[in-house]
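my_file-v2.csv follows; it contains CSV, C-alpha atoms.
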```csv
chain,number,residue,atom,x,y,z
A,455,MET,CA,-3.3,15.1,18.0
A,456,SER,CA,0.1,16.4,16.9
A,457,VAL,CA,3.4,15.3,15.6
A,458,ALA,CA,6.6,16.6,17.3
A,459,TYR,CA,10.1,16.6,15.9
A,460,VAL,CA,13.2,16.9,18.1
A,461,LEU,CA,16.3,18.0,16.2
A,462,GLU,CA,18.3,19.5,19.0
A,463,GLN,CA,21.5,17.3,19.4
A,464,ASN,CA,22.4,16.1,22.9
A,465,ALA,CA,18.9,17.0,24.2
A,466,SER,CA,17.2,14.7,26.7
A,467,ILE,CA,13.5,13.9,27.0
A,468,ARG,CA,12.1,13.4,30.5
A,469,ARG,CA,8.7,12.7,31.9
A,470,GLU,CA,7.1,15.1,34.4
A,471,GLY,CA,3.5,14.0,35.1
A,472,GLN,CA,1.5,13.9,31.9
A,473,ARG,CA,4.1,16.0,30.1
A,474,LEU,CA,7.4,15.4,28.4
A,475,LEU,CA,10.2,18.0,28.9
A,476,ILE,CA,12.8,18.4,26.2
A,477,LYS,CA,15.9,19.6,28.0
A,478,LYS,CA,19.5,20.6,27.2
A,479,GLU,CA,22.1,21.6,29.7
A,480,GLY,CA,19.5,21.9,32.3
A,481,ALA,CA,17.2,24.3,30.4
A,482,VAL,CA,13.8,23.3,29.2
A,483,LEU,CA,13.5,23.8,25.5
A,484,HIS,CA,10.0,22.6,24.9
A,485,THR,CA,7.1,20.9,26.7
A,486,LEU,CA,5.0,18.2,25.1
A,487,HIS,CA,1.6,17.1,26.5
A,488,LEU,CA,1.3,13.3,26.2
A,489,PHE,CA,-2.5,13.3,25.6
A,490,LYS,CA,-2.0,15.6,22.6
A,491,LEU,CA,0.9,13.7,21.1
A,492,GLU,CA,0.4,11.2,18.2
A,493,GLN,CA,4.0,10.8,16.9
A,494,LEU,CA,7.4,11.8,18.2
A,495,VAL,CA,10.3,11.9,15.7
A,496,LEU,CA,13.8,12.0,17.1
A,497,PHE,CA,16.8,13.0,14.9
A,498,GLY,CA,20.3,12.0,15.9
A,499,ASN,CA,21.6,12.0,19.5
A,500,VAL,CA,18.5,12.5,21.6
A,501,LEU,CA,18.2,10.8,25.0
A,502,LEU,CA,14.9,9.2,26.2
A,503,THR,CA,14.8,8.5,29.9
A,504,PRO,CA,13.3,5.2,31.0
A,505,ALA,CA,10.3,7.1,32.5
A,506,ALA,CA,9.8,8.8,29.2
A,507,VAL,CA,9.9,5.5,27.3
A,508,SER,CA,7.4,4.0,29.6
A,509,ALA,CA,5.1,7.0,29.2
A,510,LEU,CA,5.3,6.9,25.4
A,511,LEU,CA,4.5,3.2,25.4
A,512,ARG,CA,1.6,3.7,27.8
A,513,HIS,CA,0.0,6.5,25.7
A,514,GLY,CA,0.6,4.6,22.4
A,515,VAL,CA,2.8,7.4,20.9
A,516,ASP,CA,4.5,6.3,17.7
A,517,THR,CA,8.1,7.1,18.4
A,518,VAL,CA,10.5,7.2,15.4
A,519,PHE,CA,14.3,7.2,15.5
A,520,MET,CA,16.2,8.9,12.6
A,521,THR,CA,19.8,9.8,12.0
A,522,SER,CA,20.8,13.4,12.3
A,523,ASN,CA,20.7,13.5,8.4
A,524,GLY,CA,17.2,12.2,8.2
A,525,ARG,CA,17.8,8.5,7.6
A,526,TYR,CA,15.2,6.2,9.1
A,527,ARG,CA,16.5,3.9,11.8
A,528,GLY,CA,13.5,2.3,13.5
A,529,ARG,CA,10.7,3.0,16.0
A,530,LEU,CA,9.6,2.2,19.5
A,531,GLN,CA,7.2,-0.7,19.3
A,532,GLY,CA,4.6,-1.2,22.1
A,533,LEU,CA,1.9,-3.8,22.2
A,534,TYR,CA,1.3,-5.2,18.7
A,535,SER,CA,-2.1,-4.8,17.1
A,536,LYS,CA,-4.7,-7.4,18.3
A,537,ASN,CA,-6.2,-7.7,14.8
A,538,ILE,CA,-4.8,-11.2,14.2
A,539,THR,CA,-7.6,-12.1,11.8
A,540,LEU,CA,-6.6,-9.3,9.4
A,541,ARG,CA,-3.0,-10.5,9.4
A,542,GLN,CA,-4.1,-14.0,8.8
A,543,GLU,CA,-6.1,-12.9,5.7
A,544,GLN,CA,-3.1,-10.7,4.7
A,545,PHE,CA,-0.8,-13.7,4.6
A,546,ARG,CA,-3.4,-15.8,2.7
A,547,LYS,CA,-3.9,-13.1,0.1
A,548,MET,CA,-0.2,-12.3,-0.3
A,549,ASP,CA,0.4,-16.0,-1.1
A,550,ASP,CA,-2.0,-15.7,-4.0
A,551,GLU,CA,0.0,-14.8,-7.2
A,552,HIS,CA,-3.1,-13.6,-9.1
A,553,PHE,CA,-4.2,-11.3,-6.2
A,554,CYS,CA,-0.6,-9.9,-5.8
A,555,LEU,CA,-0.3,-9.2,-9.5
A,556,ASN,CA,-3.7,-7.3,-9.6
A,557,THR,CA,-2.7,-5.4,-6.5
A,558,ALA,CA,0.7,-4.5,-7.8
A,559,ARG,CA,-0.8,-3.3,-11.1
A,560,ALA,CA,-3.3,-1.1,-9.3
A,561,ILE,CA,-0.6,0.5,-7.1
A,562,VAL,CA,1.7,1.2,-10.0
A,563,GLN,CA,-1.1,2.4,-12.3
A,564,GLY,CA,-2.1,4.8,-9.6
A,565,LYS,CA,1.4,6.1,-9.0
A,566,ILE,CA,2.0,6.6,-12.7
A,567,ALA,CA,-1.3,8.5,-13.0
A,568,ASN,CA,-0.1,10.8,-10.3
A,569,LEU,CA,3.3,11.3,-11.9
A,570,ARG,CA,1.6,12.1,-15.2
A,571,ALA,CA,-0.8,14.5,-13.4
A,572,ASN,CA,2.1,16.4,-11.9
A,573,LEU,CA,3.7,16.9,-15.4
A,574,LEU,CA,0.3,17.9,-16.9
A,575,ARG,CA,-0.1,20.5,-14.3
A,576,LEU,CA,3.4,21.8,-14.9
A,577,ASN,CA,3.0,21.9,-18.6
A,578,ARG,CA,-0.3,23.7,-18.4
A,579,SER,CA,0.9,26.3,-15.9
A,580,ARG,CA,4.0,27.3,-17.9
A,581,GLU,CA,4.5,27.9,-21.5
A,582,GLY,CA,7.5,26.3,-23.3
A,583,LEU,CA,8.3,23.5,-20.9
A,584,GLY,CA,7.8,20.9,-23.7
A,585,LEU,CA,6.8,18.0,-21.5
A,586,GLU,CA,4.5,16.4,-24.1
A,587,ASP,CA,6.9,13.5,-24.7
A,588,GLN,CA,7.2,12.6,-21.0
A,589,ILE,CA,3.5,12.9,-20.5
A,590,LEU,CA,2.8,10.6,-23.4
A,591,GLY,CA,5.6,8.2,-22.2
A,592,LEU,CA,3.9,8.0,-18.8
A,593,LYS,CA,0.6,7.3,-20.4
A,594,ARG,CA,2.1,4.3,-22.3
A,595,MET,CA,3.9,3.1,-19.1
A,596,GLY,CA,0.5,3.1,-17.3
A,597,GLU,CA,-1.1,1.1,-20.1
A,598,LYS,CA,1.7,-1.4,-20.1
A,599,ALA,CA,1.6,-1.8,-16.4
A,600,ALA,CA,-2.1,-2.6,-16.6
A,601,GLU,CA,-1.4,-5.4,-19.0
A,602,ALA,CA,1.7,-6.8,-17.3
A,603,SER,CA,1.7,-10.6,-17.0
A,604,ASP,CA,3.9,-10.8,-13.9
A,605,ILE,CA,5.0,-8.6,-11.0
A,606,ASP,CA,8.6,-8.3,-12.2
A,607,ALA,CA,7.2,-6.7,-15.4
A,608,VAL,CA,5.1,-4.3,-13.3
A,609,ARG,CA,8.2,-3.3,-11.3
A,610,GLY,CA,10.0,-2.7,-14.5
A,611,PHE,CA,7.4,-0.4,-15.8
A,612,GLU,CA,7.3,1.5,-12.5
A,613,GLY,CA,11.1,2.0,-12.7
A,614,ARG,CA,11.0,3.2,-16.3
A,615,SER,CA,8.2,5.6,-15.5
A,616,ALA,CA,10.4,7.1,-12.8
A,617,VAL,CA,13.1,7.8,-15.3
A,618,ILE,CA,10.7,9.4,-17.7
A,619,TYR,CA,9.0,11.4,-15.0
A,620,PHE,CA,12.1,12.9,-13.4
A,621,LYS,CA,13.3,14.2,-16.8
A,622,GLY,CA,10.2,16.3,-17.0
A,623,PHE,CA,10.0,17.1,-13.3
A,624,SER,CA,13.5,18.6,-13.5
A,625,LYS,CA,12.2,21.4,-15.7
A,626,GLY,CA,9.7,22.6,-13.1
A,627,PHE,CA,12.2,24.5,-10.9
A,628,LEU,CA,12.2,28.3,-11.2
A,629,ALA,CA,14.6,29.4,-8.5
A,630,ASP,CA,18.1,30.5,-9.6
A,631,GLY,CA,20.8,28.0,-8.9
A,632,ILE,CA,18.4,25.0,-8.4
A,633,GLN,CA,19.6,22.3,-10.7
A,634,PHE,CA,18.2,18.8,-10.8
A,635,GLU,CA,19.1,16.2,-13.5
A,636,ARG,CA,18.1,12.9,-12.1
A,637,ARG,CA,17.2,11.0,-8.9
A,638,VAL,CA,20.3,10.3,-6.8
A,639,ARG,CA,19.9,9.0,-3.3
A,640,ARG,CA,23.1,7.3,-2.1
A,641,PRO,CA,23.9,10.0,-1.1
A,642,PRO,CA,21.8,12.9,-2.4
A,643,THR,CA,24.2,15.2,-4.3
A,644,ASP,CA,22.0,18.3,-4.8
A,645,PRO,CA,19.4,20.2,-2.8
A,646,VAL,CA,16.4,18.7,-4.8
A,647,ASN,CA,17.5,15.2,-4.1
A,648,ALA,CA,18.2,16.0,-0.5
A,649,LEU,CA,14.7,17.2,0.0
A,650,LEU,CA,13.1,14.4,-2.0
A,651,SER,CA,15.0,11.8,0.2
A,652,LEU,CA,13.9,13.5,3.5
A,653,GLY,CA,10.4,14.0,2.3
A,654,TYR,CA,10.0,10.4,1.3
A,655,THR,CA,11.3,9.4,4.8
A,656,LEU,CA,8.9,11.6,6.6
A,657,LEU,CA,6.1,10.3,4.4
A,658,PHE,CA,7.1,6.7,5.2
A,659,ASN,CA,6.8,7.5,8.9
A,660,THR,CA,3.2,8.4,8.4
A,661,VAL,CA,2.3,5.4,6.2
A,662,MET,CA,4.1,3.0,8.5
A,663,ALA,CA,2.2,4.3,11.5
A,664,ALA,CA,-1.1,3.9,9.7
A,665,VAL,CA,-0.3,0.4,8.5
A,666,SER,CA,0.6,-0.7,12.1
A,667,MET,CA,-2.4,1.1,13.6
A,668,VAL,CA,-4.8,-0.7,11.2
A,669,GLY,CA,-3.3,-4.1,12.2
A,670,PHE,CA,-1.2,-5.2,9.2
A,671,ASP,CA,2.1,-6.9,9.2
A,672,PRO,CA,4.1,-4.1,7.5
A,673,TYR,CA,6.8,-6.5,6.2
A,674,LEU,CA,4.6,-8.5,3.8
A,675,GLY,CA,3.5,-6.7,0.6
A,676,CYS,CA,2.9,-7.3,-3.1
A,677,LEU,CA,4.9,-4.9,-5.2
A,678,HIS,CA,8.1,-4.6,-3.2
A,679,THR,CA,10.1,-7.7,-2.9
A,680,VAL,CA,9.9,-9.4,0.5
A,681,GLU,CA,13.4,-9.2,2.1
A,682,TYR,CA,14.6,-9.4,5.7
A,683,GLY,CA,13.9,-6.1,7.4
A,684,ARG,CA,12.1,-4.4,4.5
A,685,PRO,CA,8.7,-3.1,5.4
A,686,SER,CA,7.3,-4.1,2.0
A,687,LEU,CA,3.6,-3.4,2.6
A,688,ALA,CA,4.3,0.1,4.0
A,689,LEU,CA,6.4,0.8,0.9
A,690,ASP,CA,3.6,-0.5,-1.3
A,691,LEU,CA,1.0,1.8,0.2
A,692,MET,CA,3.4,4.7,0.1
A,693,GLU,CA,3.9,4.7,-3.7
A,694,GLU,CA,0.7,6.6,-4.7
A,695,TRP,CA,1.5,9.4,-2.2
A,696,ARG,CA,5.0,10.2,-3.3
A,697,PRO,CA,4.0,12.4,-6.3
A,698,ILE,CA,0.9,13.8,-4.5
A,699,ILE,CA,2.7,14.9,-1.3
A,700,VAL,CA,6.4,15.0,-1.5
A,701,ASP,CA,7.2,15.8,-5.2
A,702,THR,CA,4.7,18.7,-5.3
A,703,LEU,CA,6.0,20.0,-1.9
A,704,VAL,CA,9.6,20.0,-3.0
A,705,LEU,CA,8.8,21.8,-6.2
A,706,SER,CA,6.7,24.3,-4.2
A,707,VAL,CA,9.2,25.1,-1.4
A,708,PHE,CA,12.0,25.9,-4.0
A,709,ASN,CA,9.8,27.9,-6.3
A,710,LEU,CA,8.3,29.9,-3.5
A,711,LYS,CA,11.7,30.3,-1.9
A,712,ALA,CA,10.5,28.8,1.4
A,713,VAL,CA,13.8,26.8,1.2
A,714,THR,CA,16.8,28.3,-0.6
A,715,LEU,CA,20.4,27.3,-1.5
A,716,SER,CA,21.6,28.9,1.7
A,717,ASP,CA,19.8,26.1,3.7
A,718,PHE,CA,22.2,23.5,2.3
A,719,VAL,CA,25.9,22.6,3.0
A,720,ALA,CA,28.3,20.1,1.4
A,721,GLY,CA,28.8,17.2,3.7
A,722,GLU,CA,31.3,14.3,3.8
A,723,ILE,CA,30.7,10.8,2.7
A,724,GLY,CA,30.5,8.6,5.7
A,725,GLU,CA,29.4,5.1,6.6
A,726,GLU,CA,25.8,6.3,6.9
A,727,GLU,CA,25.7,7.3,3.2
A,728,LEU,CA,27.4,4.2,1.8
A,729,GLU,CA,26.1,1.5,4.0
A,730,GLU,CA,24.3,-1.5,2.3
A,731,GLU,CA,20.6,-1.3,1.5
A,732,ASP,CA,18.6,-2.3,4.6
A,733,SER,CA,15.3,-1.5,6.3
A,734,SER,CA,15.9,2.2,5.8
A,735,ASP,CA,15.8,1.8,2.0
A,736,LEU,CA,12.6,3.7,1.3
A,737,GLU,CA,13.2,4.1,-2.5
A,738,GLY,CA,11.6,0.9,-3.5
A,739,ARG,CA,12.9,-1.7,-6.0
A,740,GLY,CA,14.6,0.7,-8.3
A,741,GLY,CA,13.0,-0.8,-11.4
A,742,ASP,CA,15.0,0.1,-14.4
A,743,ASP,CA,16.2,3.3,-12.8
A,744,LYS,CA,19.4,1.6,-11.6
A,745,ASP,CA,21.4,4.9,-11.6
A,746,ALA,CA,19.3,6.3,-8.8
A,747,ASN,CA,20.3,3.3,-6.6
A,748,GLU,CA,24.1,3.4,-7.3
A,749,PRO,CA,26.3,5.1,-4.8
A,750,SER,CA,27.5,8.4,-6.1
A,751,PRO,CA,31.2,9.4,-6.0
A,752,MET,CA,30.1,13.0,-5.4
A,753,LEU,CA,29.9,14.6,-2.0
A,754,PRO,CA,26.5,14.6,-0.4
A,755,VAL,CA,24.4,17.8,0.0
A,756,LYS,CA,22.8,18.2,3.4
A,757,LEU,CA,20.3,20.6,5.0
A,758,THR,CA,21.5,23.0,7.7
A,759,ASP,CA,19.7,22.9,11.0
A,760,SER,CA,17.6,25.9,9.9
A,761,GLY,CA,16.8,24.2,6.6
A,762,PHE,CA,15.7,21.1,8.4
A,763,ARG,CA,13.3,23.0,10.5
A,764,LYS,CA,12.0,25.0,7.6
A,765,PHE,CA,11.3,21.9,5.5
A,766,ILE,CA,9.7,19.9,8.4
A,767,ALA,CA,7.4,22.9,9.0
A,768,GLN,CA,6.4,22.9,5.4
A,769,PHE,CA,5.9,19.1,5.4
A,770,GLU,CA,3.6,19.3,8.4
A,771,ARG,CA,1.6,22.2,6.8
A,772,LYS,CA,1.2,20.0,3.7
A,773,MET,CA,0.0,17.0,5.8
A,774,ALA,CA,-2.6,19.2,7.6
A,775,GLN,CA,-4.0,20.5,4.3
A,776,LYS,CA,-7.5,19.3,3.7
A,777,VAL,CA,-8.5,17.6,0.4
A,778,ARG,CA,-11.4,15.6,-0.9
A,779,PHE,CA,-11.0,11.8,-0.2
A,780,HIS,CA,-11.8,10.0,-3.4
A,781,LEU,CA,-13.9,7.1,-1.8
A,782,THR,CA,-16.3,9.2,0.2
A,783,GLY,CA,-16.1,12.8,-1.1
A,784,ARG,CA,-15.4,14.0,2.4
A,785,GLN,CA,-12.7,16.5,3.3
A,786,PHE,CA,-9.8,15.1,5.2
A,787,SER,CA,-6.2,16.2,5.9
A,788,TYR,CA,-3.6,14.4,3.9
A,789,ARG,CA,-2.6,12.5,7.1
A,790,ASP,CA,-6.1,11.3,7.6
A,791,CYS,CA,-6.5,10.4,3.9
A,792,ILE,CA,-3.5,8.1,4.3
A,793,ARG,CA,-5.2,6.4,7.2
A,794,GLU,CA,-8.5,6.1,5.3
A,795,GLN,CA,-6.6,4.6,2.4
A,796,VAL,CA,-4.9,2.0,4.6
A,797,ARG,CA,-8.4,1.1,6.0
A,798,HIS,CA,-9.6,0.8,2.4
A,799,PHE,CA,-6.7,-1.7,1.7
A,800,ALA,CA,-7.8,-3.7,4.8
A,801,ARG,CA,-11.3,-3.9,3.4
A,802,TYR,CA,-9.8,-5.0,0.1
A,803,ILE,CA,-7.8,-7.7,1.8
A,804,ARG,CA,-10.9,-9.0,3.6
A,805,GLY,CA,-12.9,-9.0,0.4
A,806,GLU,CA,-15.2,-6.3,1.4
A,807,ASP,CA,-14.0,-4.0,-1.4
A,808,GLU,CA,-13.7,-5.6,-4.7
A,809,GLU,CA,-10.7,-3.6,-5.9
A,810,TYR,CA,-8.0,-1.4,-4.5
A,811,ARG,CA,-8.5,2.2,-5.7
A,812,THR,CA,-5.6,4.5,-5.4
A,813,MET,CA,-5.8,8.1,-4.5
A,814,THR,CA,-5.1,10.1,-7.7
A,815,LEU,CA,-4.6,13.8,-8.4
A,816,ARG,CA,-7.6,14.1,-10.6
A,817,PHE,CA,-9.7,14.1,-7.4
A,818,TYR,CA,-8.0,17.2,-6.0
A,819,ARG,CA,-9.3,20.7,-6.0
A,820,ARG,CA,-7.8,23.2,-8.5
A,821,GLY,CA,-4.7,25.0,-7.1
A,822,ASP,CA,-3.9,22.2,-4.6
A,823,SER,CA,-0.1,21.9,-4.4
```
Target format structure tokens, applied to this file:
Amino acid sequence: MSVAYVLEQNASIRREGQRLLIKKEGAVLHTLHLFKLEQLVLFGNVLLTPAAVSALLRHGVDTVFMTSNGRYRGRLQGLYSKNITLRQEQFRKMDDEHFCLNTARAIVQGKIANLRANLLRLNRSREGLGLEDQILGLKRMGEKAAEASDIDAVRGFEGRSAVIYFKGFSKGFLADGIQFERRVRRPPTDPVNALLSLGYTLLFNTVMAAVSMVGFDPYLGCLHTVEYGRPSLALDLMEEWRPIIVDTLVLSVFNLKAVTLSDFVAGEIGEEELEEEDSSDLEGRGGDDKDANEPSPMLPVKLTDSGFRKFIAQFERKMAQKVRFHLTGRQFSYRDCIREQVRHFARYIRGEDEEYRTMTLRFYRRGDS
């Protein structure tokens, strides 16, 4: 099964038998076989014909709509999962304050462990980075999160850990001209922030698809506050993967020059960048890292079409990479690991697994990036 991305503006997607034809100005640009297609991601102005929509729904293809700049807009929803008993148990458990606190602690502890592992790897691979203070700070944040007495405190420690982490993460870039001072997302004002934002959105698509496939209600979680239109559970289960998949990928593509400064342009601030927080807010609660959530007066930095294609290719290569899944010891791709982890969360919700065990970097093979 494959994931297809359509970035060509003003293209149309039409059904022909068991295939989808991506066309523009009468010419066929690509052909997609429906039986091989798992997810279809559309950027910007792409037309789906009614026959194509019907075929996508009939084959259960997760179809995601994004803006041309990579902002999540929504997805084509077919028949909802029939696993009503799982959702009933989900609602019961999410109404239990003690259960939610323990779950939020586990998620944040796992994320902080992965943040710390990233900095440890950086510090060991290069002399003179001086990340000891950040590494120690993250260790303390993880310990405090484990002892937090309420979920708001857990969120606070998660936010503070992000501030500590990005101060160290910023020292990991080797390529000339790549500067990163802090996380800025509304809008991203430098190439690193632009790739982090896009990477987190692509990761969200994968987690959201897994959450829906397993049968959860994606809008009811523990760590992220429940708000109208916010897919809180999908965001909860995405947290542990941000450092493992996106942060390491962004660092790698710049340091290996798979993406360079020539792949970015200065944009203009439009409604898309300054609109209010909504269902496309994939950055979480913000914690104490309020600066990252504040609209920036600086002009946004955007990927060129070529840069978009380069990064998406690198992201898909990362998602296909096989690693050892911590619960079974078996080798899975990152995409399959995410699905297995969501299934583990379902067993945890049903009481079949006593605790939720996050995927952490210490289980990964040496040299995995």
Would you pick out the contacts of A:Thr814 at 9 Å or less, using all atoms listed in the file, so that residues sharing its chain but fewer than 6 positions from it are not included, and give the list as an mmCIF file with C-alpha atoms, keeping the file's coordinate frame?
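Ended up saving to part-v6.cif:
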```cif
data_model
loop_
_atom_site.group_PDB
_atom_site.id
_atom_site.type_symbol
_atom_site.label_atom_id
_atom_site.label_comp_id
_atom_site.auth_asym_id
_atom_site.auth_seq_id
_atom_site.Cartn_x
_atom_site.Cartn_y
_atom_site.Cartn_z
ATOM 1 C CA GLY A 564 -2.100 4.800 -9.600
ATOM 2 C CA LYS A 565 1.400 6.100 -9.000
ATOM 3 C CA ALA A 567 -1.300 8.500 -13.000
ATOM 4 C CA ASN A 568 -0.100 10.800 -10.300
ATOM 5 C CA ALA A 571 -0.800 14.500 -13.400
ATOM 6 C CA GLU A 694 0.700 6.600 -4.700
ATOM 7 C CA TRP A 695 1.500 9.400 -2.200
ATOM 8 C CA ILE A 698 0.900 13.800 -4.500
ATOM 9 C CA HIS A 780 -11.800 10.000 -3.400
#
```
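Pairwise distance (atom CA of A:Asn556, atom CA of A:Arg609) equals 12.7 Å.
Atom CA of A:Leu815 lies 14.6 Å from atom CA of A:Ile589.
Minimum atom-to-atom distances from A:Arg468, A:Arg527, A:His552, A:Lys756 to A:Ser716 were compared using all atoms listed in the file, and the lowest value belongs to A:Lys756.
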- Shortest contact to A:Phe762, candidates A:Leu502, A:Ala712, A:Leu781, A:Cys676, atoms counted all atoms listed in the file, goes to A:Ala712
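Considering the residues A:Arg512, A:Arg570, A:Arg541, A:Arg784 and counting all atoms listed in the file, A:Ile803 has its shortest atom-to-atom contact with A:Arg541.
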- Item | Among the residues A:Arg684, A:Arg771, A:Lys711, A:Arg811, the one that comes closest to A:Gly528 [using only C-alpha atoms] | A:Arg684
- How many Å separate atom CA of A:Thr485 from atom CA of A:Ser666? 26.9 Å
- Query: Near A:Ser624, within 10 Å and counting all atoms listed in the file, which residues show up once chain neighbours fewer than 6 positions away are dropped, as a PyMOL selection string?
  - Reply: chain A and resi 632-637+646+705
Using C-alpha atoms, can you export the residues from the last selection as a PDB file, in the frame of the given file?
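Here's the written file selection32.pdb:
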```pdb
ATOM      1  CA  ILE A 632      18.400  25.000  -8.400  1.00  0.00           C
ATOM      2  CA  GLN A 633      19.600  22.300 -10.700  1.00  0.00           C
ATOM      3  CA  PHE A 634      18.200  18.800 -10.800  1.00  0.00           C
ATOM      4  CA  GLU A 635      19.100  16.200 -13.500  1.00  0.00           C
ATOM      5  CA  ARG A 636      18.100  12.900 -12.100  1.00  0.00           C
ATOM      6  CA  ARG A 637      17.200  11.000  -8.900  1.00  0.00           C
ATOM      7  CA  VAL A 646      16.400  18.700  -4.800  1.00  0.00           C
ATOM      8  CA  LEU A 705       8.800  21.800  -6.200  1.00  0.00           C
TER       9      LEU A 705
END
```
Take stretch 631-652 of chain A, bring it up to N, CA and C atoms, and give me the output as a short mmCIF file (atom, residue, chain, number, x, y, z; two decimals), in the coordinates of the input.
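out-v4.cif, written as the output of this step:
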```cif
data_model
loop_
_atom_site.label_atom_id
_atom_site.label_comp_id
_atom_site.auth_asym_id
_atom_site.auth_seq_id
_atom_site.Cartn_x
_atom_site.Cartn_y
_atom_site.Cartn_z
N GLY A 631 19.79 28.85 -9.54
CA GLY A 631 20.80 28.00 -8.90
C GLY A 631 20.27 26.58 -8.57
N ILE A 632 18.98 26.34 -8.71
CA ILE A 632 18.40 25.00 -8.40
C ILE A 632 18.51 24.15 -9.64
N GLN A 633 19.38 23.17 -9.61
CA GLN A 633 19.60 22.30 -10.70
C GLN A 633 19.28 20.85 -10.30
N PHE A 634 18.55 20.15 -11.13
CA PHE A 634 18.20 18.80 -10.80
C PHE A 634 18.17 18.00 -12.15
N GLU A 635 19.04 17.00 -12.25
CA GLU A 635 19.10 16.20 -13.50
C GLU A 635 18.50 14.87 -13.40
N ARG A 636 18.69 14.19 -12.28
CA ARG A 636 18.10 12.90 -12.10
C ARG A 636 18.07 12.52 -10.64
N ARG A 637 17.35 11.47 -10.32
CA ARG A 637 17.20 11.00 -8.90
C ARG A 637 18.49 10.34 -8.49
N VAL A 638 19.12 10.88 -7.45
CA VAL A 638 20.30 10.30 -6.80
C VAL A 638 20.05 10.25 -5.34
N ARG A 639 20.22 9.08 -4.74
CA ARG A 639 19.90 9.00 -3.30
C ARG A 639 20.95 8.46 -2.43
N ARG A 640 22.03 7.91 -2.97
CA ARG A 640 23.10 7.30 -2.10
C ARG A 640 24.43 7.89 -2.37
N PRO A 641 24.74 9.06 -1.81
CA PRO A 641 23.90 10.00 -1.10
C PRO A 641 23.26 11.01 -2.02
N PRO A 642 22.28 11.81 -1.57
CA PRO A 642 21.80 12.90 -2.40
C PRO A 642 22.89 13.90 -2.69
N THR A 643 23.04 14.31 -3.94
CA THR A 643 24.20 15.20 -4.30
C THR A 643 23.75 16.57 -4.73
N ASP A 644 22.50 16.92 -4.53
CA ASP A 644 22.00 18.30 -4.80
C ASP A 644 20.85 18.57 -3.91
N PRO A 645 20.48 19.84 -3.77
CA PRO A 645 19.40 20.20 -2.80
C PRO A 645 18.06 19.51 -3.15
N VAL A 646 17.71 19.37 -4.43
CA VAL A 646 16.40 18.70 -4.80
C VAL A 646 16.41 17.29 -4.29
N ASN A 647 17.47 16.54 -4.59
CA ASN A 647 17.50 15.20 -4.10
C ASN A 647 17.54 15.05 -2.63
N ALA A 648 18.19 15.99 -1.96
CA ALA A 648 18.20 16.00 -0.50
C ALA A 648 16.81 16.12 0.08
N LEU A 649 16.02 17.04 -0.49
CA LEU A 649 14.70 17.20 0.00
C LEU A 649 13.75 16.07 -0.37
N LEU A 650 13.93 15.52 -1.57
CA LEU A 650 13.10 14.40 -2.00
C LEU A 650 13.37 13.20 -0.98
N SER A 651 14.63 12.94 -0.67
CA SER A 651 15.00 11.80 0.20
C SER A 651 14.35 12.06 1.62
N LEU A 652 14.51 13.26 2.15
CA LEU A 652 13.90 13.50 3.50
C LEU A 652 12.43 13.49 3.44
#
```
